[in-house]
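S.K.: Before I ask anything, let me first share the structure, which is written out below as structure tokens.
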Amino acid sequence: VLRDRRPRNCPPGPSEIPFIGNMPFFDEKTAAELRKKYGDIFMHRTGPYRTVYLFDYHTAKEVMSRPEMSDRPSYFATFSLDDQKQGGLVSSNGVHWQHDRRFVLRNLRNLGMGKSYLDEAINIEAKALVEDLKKYGGEAINYPDSFRTVALNIIWQMVASTRYDLDSKEVDAISRLTQQFRESSSALSALPTFFPALNRLPKSVKNYLFQSDLAGKFIDEMKRVVMEAVDKHLEDYDPDNLRDLIDEYIKDMKASEGDEKSFFRKGALCQIVNDLFGAGSDTVHSMMKWVAYLLARYPEYATRMQQQIDAVVPRDRMVSLDDKPSLCLVEAFTTEALRFSSMVVANVQRSASKDTNINGYFIPKGTVVTVANYSIHHDPRYWDDPHKFYPERFLDDSATKYTAPKQAFFAFGSGRRQCVGELLARMELFLFTAAIIQHFDVRPPPGVDISSKDITTVLGLRLPYEYKLVYKPRE
Ligand code: HEM
């Protein structure tokens with residue numbers, strides 16, 4: 001009990017019960033209340049993990065750039081597909097993470113991330129999306145599944161040369177499992193991660209209390225999709241015809257065969273592929289829901305963007321990245337959607353790899369650190385009228401040029417762990433948003449007020465409320 005005591009001079013926070021902590025369940029509402037009481041930095045504890053929350057932009061920016069704050073917490077590797085639990089990007093640390101991150105960044109760039117030739121692949125998906133939305137003939141629908149498939153198709157073509165049809169049964173099955181997993185997840189289902197002793201409970205009790213069977217099913221399905229793609233690539237591998245990121249990895253794996261110290265291993269490859277599949281599709285899919293919701297909620301912006309598009313792009317041609325300079329409002333709209341939604345409510349957690357300090361407070365090695373993205377994105381110290389949806393904040397004075405956020409913008413994180421897919425995500429958001437605006441008027445069904453409930457929070461993601469919307473083809 002003495003050794004478990006909270007070390008001196010840590011950030012303030014509620015008092016702790018030894019071994020248990022003070023917050024078995026933690027959500028954004030609790031974070032806001034604790035902030036009111038303790039200020040811009042506080043600490044809470046769940047089981048063995050103490051977490052420091054940061055609400056001040058300047059502190060957060062500086063902390064996220066530090067080498068000793070570049071690790072992820074150890075519990076992230078629990079579900080890693082790597083048998084050695086060391087490879088991949090999202091959950092790995094140290095030299096393994098550096099190696100795999102470098103590999104992924106180099107290959108995403110070589111495969112077109114940030115380059116105009118990816119325009120064409122994204123526009124094939126954008127056209128498919130337009131055709132899919134036309135099918136509904138102006139009927140009110142939930143956010144369509146095609147939002148997921150088009151996002152998945154971009155990253156999955158780069159990684160595994162696979163493109164799914166918009167009515168693919170396989171994507172539908174993954175979608176349904178993800179949905180079930182999300183809906184059944186609660187603060188309770190995360191408890192065994194923080195209190196591993198709970199894993200010793202009988203299976204039926206775990207399934208009842210923590211929905212462990214649904215999480216297991218979801219992980220098994222993801223594993224099956226990833227392993228199938230990797231095994232198929234290993235079978236068909238042709239060194240004279242490298243198709244995608246998996247082939248590039250196999251090339252390096254073969255070149256280092258016999259070298260026991262090599263980081264190129266099948267287990268690490270599986271985890272990289274799993275990370276890109278998850279982080280690269282679910283995020284863009286969820287942001288497209290926000291885009292549709294915001295277009296319906298603020299039709300005046302949709303109309304102004306349509307005017308911008310119509311002035312430079314004939315209706316029979318899709319918008320391309322070359323049109324970006326003339327479509328500053330579309331770019332400003334997507335950046336404001338990222339800020340306003342703050343879909344990733346709190347930044348993906350980091351962990352201190354050694355004893356350190358923040359603003360004079362002692363931070364012991366292993367402390368989890370997270371940044372309150374939503375709060376910083378809505379803090380009047382950094383943003384005028386922060387709760388207003390106002391894309392113009394990202395335009396210059398003449399309203400003719402996009403200006404990137406200068407501070408307090410963490411939609412893609414910051415520092416050494418910053419999102420590797422930001423450029424790709426921005427390309428997709430711009431082109432998919434433009435395609436919808438160019439071809440449809442998105443509106444709430446007659447008589448429905450979509451401003452009364454605007455969000456649902458699921459597994460740390462802020463998503464727009466599931467309103468049915470009308471995608472009315474433009475004359
Ligand atoms: C709108 C879309 C997206 C959003 C809002 C988003 C957001 C984020 C955030 C907040 C982080 C944590 C950064 C940090 O710790 O500072 C992250 C990490 C990551 N993202 Fe994204 N992301 C998006 C799209 C993508 C795409 C398209 C890819 C695929 C290439 C991707 C791959 C990753 C990976 C692999 C990481 C882990 C990086 C690491 O730990 O080194 N993301 N993302």
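Residues are named by chain letter and number: chains run A, B, ... in the order of the structure tokens, numbers start at 1 in each chain, and ligands are numbered from 1 in the order shown.
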May I have a table of the residues of region 129-178 of chain A lying at most 9 Å from region 434-437 of chain A, giving each one's closest pair of atoms and their distance in Å to one decimal, counting only C-alpha atoms, ordered by chain and ascending residue number, as a tab-separated table?
M.R.:
```
residue	atom	partner	partner_atom	distance
A:Leu129	CA	A:Ile436	CA	8.2
A:Val130	CA	A:Ile436	CA	6.7
A:Leu133	CA	A:Ile436	CA	8.8
```
S.K.: For the residues in the current selection, export C-alpha atoms as a PDB file, in the first residue's frame.
M.R.:
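Output (selection.pdb):
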```
ATOM      1  CA  LEU A 129     -20.499   7.378 -54.045  1.00  0.00           C
ATOM      2  CA  VAL A 130     -22.512   9.797 -56.217  1.00  0.00           C
ATOM      3  CA  LEU A 133     -26.608   8.257 -53.375  1.00  0.00           C
TER       4      LEU A 133
END
```
S.K.: If you count only C-alpha atoms, which residues fall within 6 Å of region 390-398 of chain A, apart from same-chain ones fewer than 2 positions away, as a list in words?
M.R.: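 Counting only C-alpha atoms, the residues come to Ala332, Phe333, Glu336, Lys388, Thr400, Lys401, Tyr402 and Thr403 of chain A.
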S.K.: Produce as a PyMOL selection string the set of residues near ligand 1, where near means within 7 Å with only C-alpha atoms and all ligand atoms considered.
M.R.: chain A and resi 64+89-91+101+155+275-276+279-281+283-284+287+338+343-344+347-350+410-415+417-422+424-425
S.K.: Nearest to Val273 (chain A): which of A:Tyr164, A:Phe194, A:Phe218, A:Trp156 is it, counting only C-alpha atoms?
M.R.: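 Selected residue with least distance to Val273 (chain A): A:Trp156.
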S.K.: So, with only C-alpha atoms as the atoms that count, which of A:Glu33, A:Asp316, A:Asp4, A:Glu125 lies closest to Ile20 (chain A)?
M.R.: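 Closest residue, counting only C-alpha atoms: A:Asp4.
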S.K.: Within 12 Å of region 189-191 of chain A, counting only C-alpha atoms, which residues qualify if same-chain residues fewer than 4 places away don't, as an mmCIF file with N, CA and C atoms, in the first residue's frame?
M.R.:
```cif
data_model
loop_
_atom_site.group_PDB
_atom_site.id
_atom_site.type_symbol
_atom_site.label_atom_id
_atom_site.label_comp_id
_atom_site.auth_asym_id
_atom_site.auth_seq_id
_atom_site.Cartn_x
_atom_site.Cartn_y
_atom_site.Cartn_z
ATOM 1 N N ILE A 20 -6.906 0.636 -6.696
ATOM 2 C CA ILE A 20 -8.128 0.796 -7.496
ATOM 3 C C ILE A 20 -8.144 2.140 -8.211
ATOM 4 N N MET A 23 -11.266 6.586 -10.470
ATOM 5 C CA MET A 23 -12.207 6.768 -11.580
ATOM 6 C C MET A 23 -12.291 5.488 -12.400
ATOM 7 N N PRO A 24 -13.087 4.499 -11.967
ATOM 8 C CA PRO A 24 -13.167 3.307 -12.812
ATOM 9 C C PRO A 24 -13.789 3.648 -14.167
ATOM 10 N N PHE A 25 -14.709 4.620 -14.184
ATOM 11 C CA PHE A 25 -15.316 5.040 -15.455
ATOM 12 C C PHE A 25 -14.984 6.498 -15.669
ATOM 13 N N PHE A 26 -14.569 6.822 -16.869
ATOM 14 C CA PHE A 26 -14.144 8.192 -17.109
ATOM 15 C C PHE A 26 -14.689 8.634 -18.452
ATOM 16 N N THR A 46 -7.075 4.907 -12.881
ATOM 17 C CA THR A 46 -7.923 3.726 -13.032
ATOM 18 C C THR A 46 -7.016 2.510 -12.878
ATOM 19 N N GLY A 47 -7.221 1.706 -11.845
ATOM 20 C CA GLY A 47 -6.346 0.547 -11.595
ATOM 21 C C GLY A 47 -4.909 1.014 -11.495
ATOM 22 N N PRO A 48 -3.983 0.340 -12.214
ATOM 23 C CA PRO A 48 -2.582 0.735 -12.072
ATOM 24 C C PRO A 48 -2.217 1.997 -12.877
ATOM 25 N N TYR A 49 -3.143 2.476 -13.720
ATOM 26 C CA TYR A 49 -2.776 3.567 -14.640
ATOM 27 C C TYR A 49 -3.197 4.950 -14.155
ATOM 28 N N TYR A 75 -1.027 -1.089 -22.397
ATOM 29 C CA TYR A 75 -2.252 -1.860 -22.657
ATOM 30 C C TYR A 75 -2.709 -1.766 -24.106
ATOM 31 N N PHE A 76 -2.144 -0.838 -24.876
ATOM 32 C CA PHE A 76 -2.524 -0.740 -26.294
ATOM 33 C C PHE A 76 -2.187 -2.020 -27.062
ATOM 34 N N THR A 78 -2.518 -5.048 -26.170
ATOM 35 C CA THR A 78 -3.293 -6.235 -25.761
ATOM 36 C C THR A 78 -3.827 -7.006 -26.972
ATOM 37 N N PHE A 181 -20.184 -4.079 -32.005
ATOM 38 C CA PHE A 181 -19.113 -3.941 -31.028
ATOM 39 C C PHE A 181 -19.193 -2.556 -30.372
ATOM 40 N N ARG A 182 -19.415 -1.534 -31.221
ATOM 41 C CA ARG A 182 -19.509 -0.161 -30.716
ATOM 42 C C ARG A 182 -20.697 0.011 -29.781
ATOM 43 N N GLU A 183 -21.860 -0.477 -30.288
ATOM 44 C CA GLU A 183 -23.086 -0.249 -29.510
ATOM 45 C C GLU A 183 -23.049 -0.964 -28.169
ATOM 46 N N SER A 184 -22.355 -2.121 -28.135
ATOM 47 C CA SER A 184 -22.356 -2.881 -26.878
ATOM 48 C C SER A 184 -21.243 -2.395 -25.945
ATOM 49 N N SER A 185 -20.298 -1.605 -26.485
ATOM 50 C CA SER A 185 -19.179 -1.174 -25.648
ATOM 51 C C SER A 185 -19.629 -0.098 -24.680
ATOM 52 N N PHE A 195 -7.936 -3.767 -15.113
ATOM 53 C CA PHE A 195 -7.833 -4.690 -13.971
ATOM 54 C C PHE A 195 -7.730 -6.107 -14.538
ATOM 55 N N PRO A 196 -6.525 -6.543 -14.966
ATOM 56 C CA PRO A 196 -6.395 -7.831 -15.664
ATOM 57 C C PRO A 196 -6.898 -9.016 -14.846
ATOM 58 N N ALA A 197 -6.967 -8.878 -13.492
ATOM 59 C CA ALA A 197 -7.453 -9.998 -12.672
ATOM 60 C C ALA A 197 -8.887 -10.368 -13.083
ATOM 61 N N LEU A 198 -9.646 -9.418 -13.624
ATOM 62 C CA LEU A 198 -11.034 -9.698 -14.022
ATOM 63 C C LEU A 198 -11.100 -10.733 -15.152
ATOM 64 N N ASN A 199 -9.980 -10.891 -15.881
ATOM 65 C CA ASN A 199 -9.964 -11.875 -16.963
ATOM 66 C C ASN A 199 -10.070 -13.297 -16.438
ATOM 67 N N VAL A 205 -19.615 -15.006 -17.279
ATOM 68 C CA VAL A 205 -19.737 -13.767 -16.490
ATOM 69 C C VAL A 205 -19.087 -12.615 -17.273
ATOM 70 N N LYS A 206 -17.907 -12.918 -17.859
ATOM 71 C CA LYS A 206 -17.219 -11.855 -18.638
ATOM 72 C C LYS A 206 -18.079 -11.410 -19.823
ATOM 73 N N ASN A 207 -18.701 -12.394 -20.484
ATOM 74 C CA ASN A 207 -19.542 -12.035 -21.632
ATOM 75 C C ASN A 207 -20.718 -11.171 -21.198
ATOM 76 N N TYR A 208 -21.299 -11.544 -20.047
ATOM 77 C CA TYR A 208 -22.462 -10.799 -19.548
ATOM 78 C C TYR A 208 -22.061 -9.385 -19.126
ATOM 79 N N LEU A 209 -20.961 -9.300 -18.356
ATOM 80 C CA LEU A 209 -20.594 -7.984 -17.804
ATOM 81 C C LEU A 209 -19.865 -7.092 -18.808
ATOM 82 N N PHE A 210 -18.921 -7.692 -19.531
ATOM 83 C CA PHE A 210 -18.024 -6.848 -20.359
ATOM 84 C C PHE A 210 -18.206 -7.048 -21.866
ATOM 85 N N GLN A 211 -19.193 -7.830 -22.271
ATOM 86 C CA GLN A 211 -19.412 -8.139 -23.700
ATOM 87 C C GLN A 211 -18.123 -8.640 -24.354
ATOM 88 N N SER A 212 -17.353 -9.460 -23.620
ATOM 89 C CA SER A 212 -16.058 -9.918 -24.153
ATOM 90 C C SER A 212 -16.237 -10.747 -25.423
ATOM 91 N N ASP A 213 -17.394 -11.452 -25.566
ATOM 92 C CA ASP A 213 -17.582 -12.283 -26.761
ATOM 93 C C ASP A 213 -17.679 -11.422 -28.020
ATOM 94 N N LEU A 214 -18.355 -10.262 -27.917
ATOM 95 C CA LEU A 214 -18.487 -9.400 -29.101
ATOM 96 C C LEU A 214 -17.146 -8.805 -29.497
ATOM 97 N N ALA A 215 -16.367 -8.378 -28.485
ATOM 98 C CA ALA A 215 -15.033 -7.838 -28.773
ATOM 99 C C ALA A 215 -14.200 -8.929 -29.437
ATOM 100 N N GLY A 216 -14.296 -10.159 -28.902
ATOM 101 C CA GLY A 216 -13.533 -11.288 -29.450
ATOM 102 C C GLY A 216 -13.914 -11.550 -30.905
ATOM 103 N N LEU A 459 -17.058 4.954 -27.924
ATOM 104 C CA LEU A 459 -15.654 4.545 -27.826
ATOM 105 C C LEU A 459 -14.692 5.701 -28.096
ATOM 106 N N GLY A 460 -14.924 6.809 -27.455
ATOM 107 C CA GLY A 460 -13.999 7.937 -27.596
ATOM 108 C C GLY A 460 -14.151 8.725 -28.891
#
```
S.K.: Have a look at A:Ser286, A:Val104, A:Glu475, A:Arg317 and name the one nearest to Thr456 (chain A); count only C-alpha atoms.
M.R.: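 Result for the nearest residue to Thr456 (chain A): A:Ser286.
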S.K.: Quick one: residues within 10 Å of Arg66 (chain A), only C-alpha atoms, excluding same-chain residues fewer than 4 positions away - as an MDAnalysis selection string?
M.R.: chainID A and resid 61:62 70 352 415:416
S.K.: Keeping only C-alpha atoms, take the residues you just selected and write them out as a CSV table (one decimal), in the first residue's frame.
M.R.:
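The resulting file, selection15.csv, is reproduced below:
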```
chain,number,residue,atom,x,y,z
A,61,LYS,CA,1.9,21.1,-28.0
A,62,GLU,CA,5.2,21.1,-26.2
A,70,SER,CA,6.3,9.4,-27.8
A,352,ALA,CA,5.9,8.7,-20.3
A,415,GLY,CA,4.5,15.8,-32.6
A,416,ARG,CA,6.2,12.5,-33.3
```
S.K.: Would you please work out which residue, of A:Gln438, A:Ser92, A:Arg3, A:Asp247, is nearest to Glu235 (chain A) when using only C-alpha atoms?
M.R.: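 Selected residue with least distance to Glu235 (chain A): A:Asp247.
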S.K.: Identify, on the basis of only C-alpha atoms, every residue whose closest approach to region 105-121 of chain A does not exceed 12 Å; exclude the query and any residue fewer than 6 positions from it along the same chain; express the result as a ChimeraX atom specification.
M.R.: /A:89,97-99,127-128,150-151,153-161,163,242-249,272,276,280,318-324,417-432
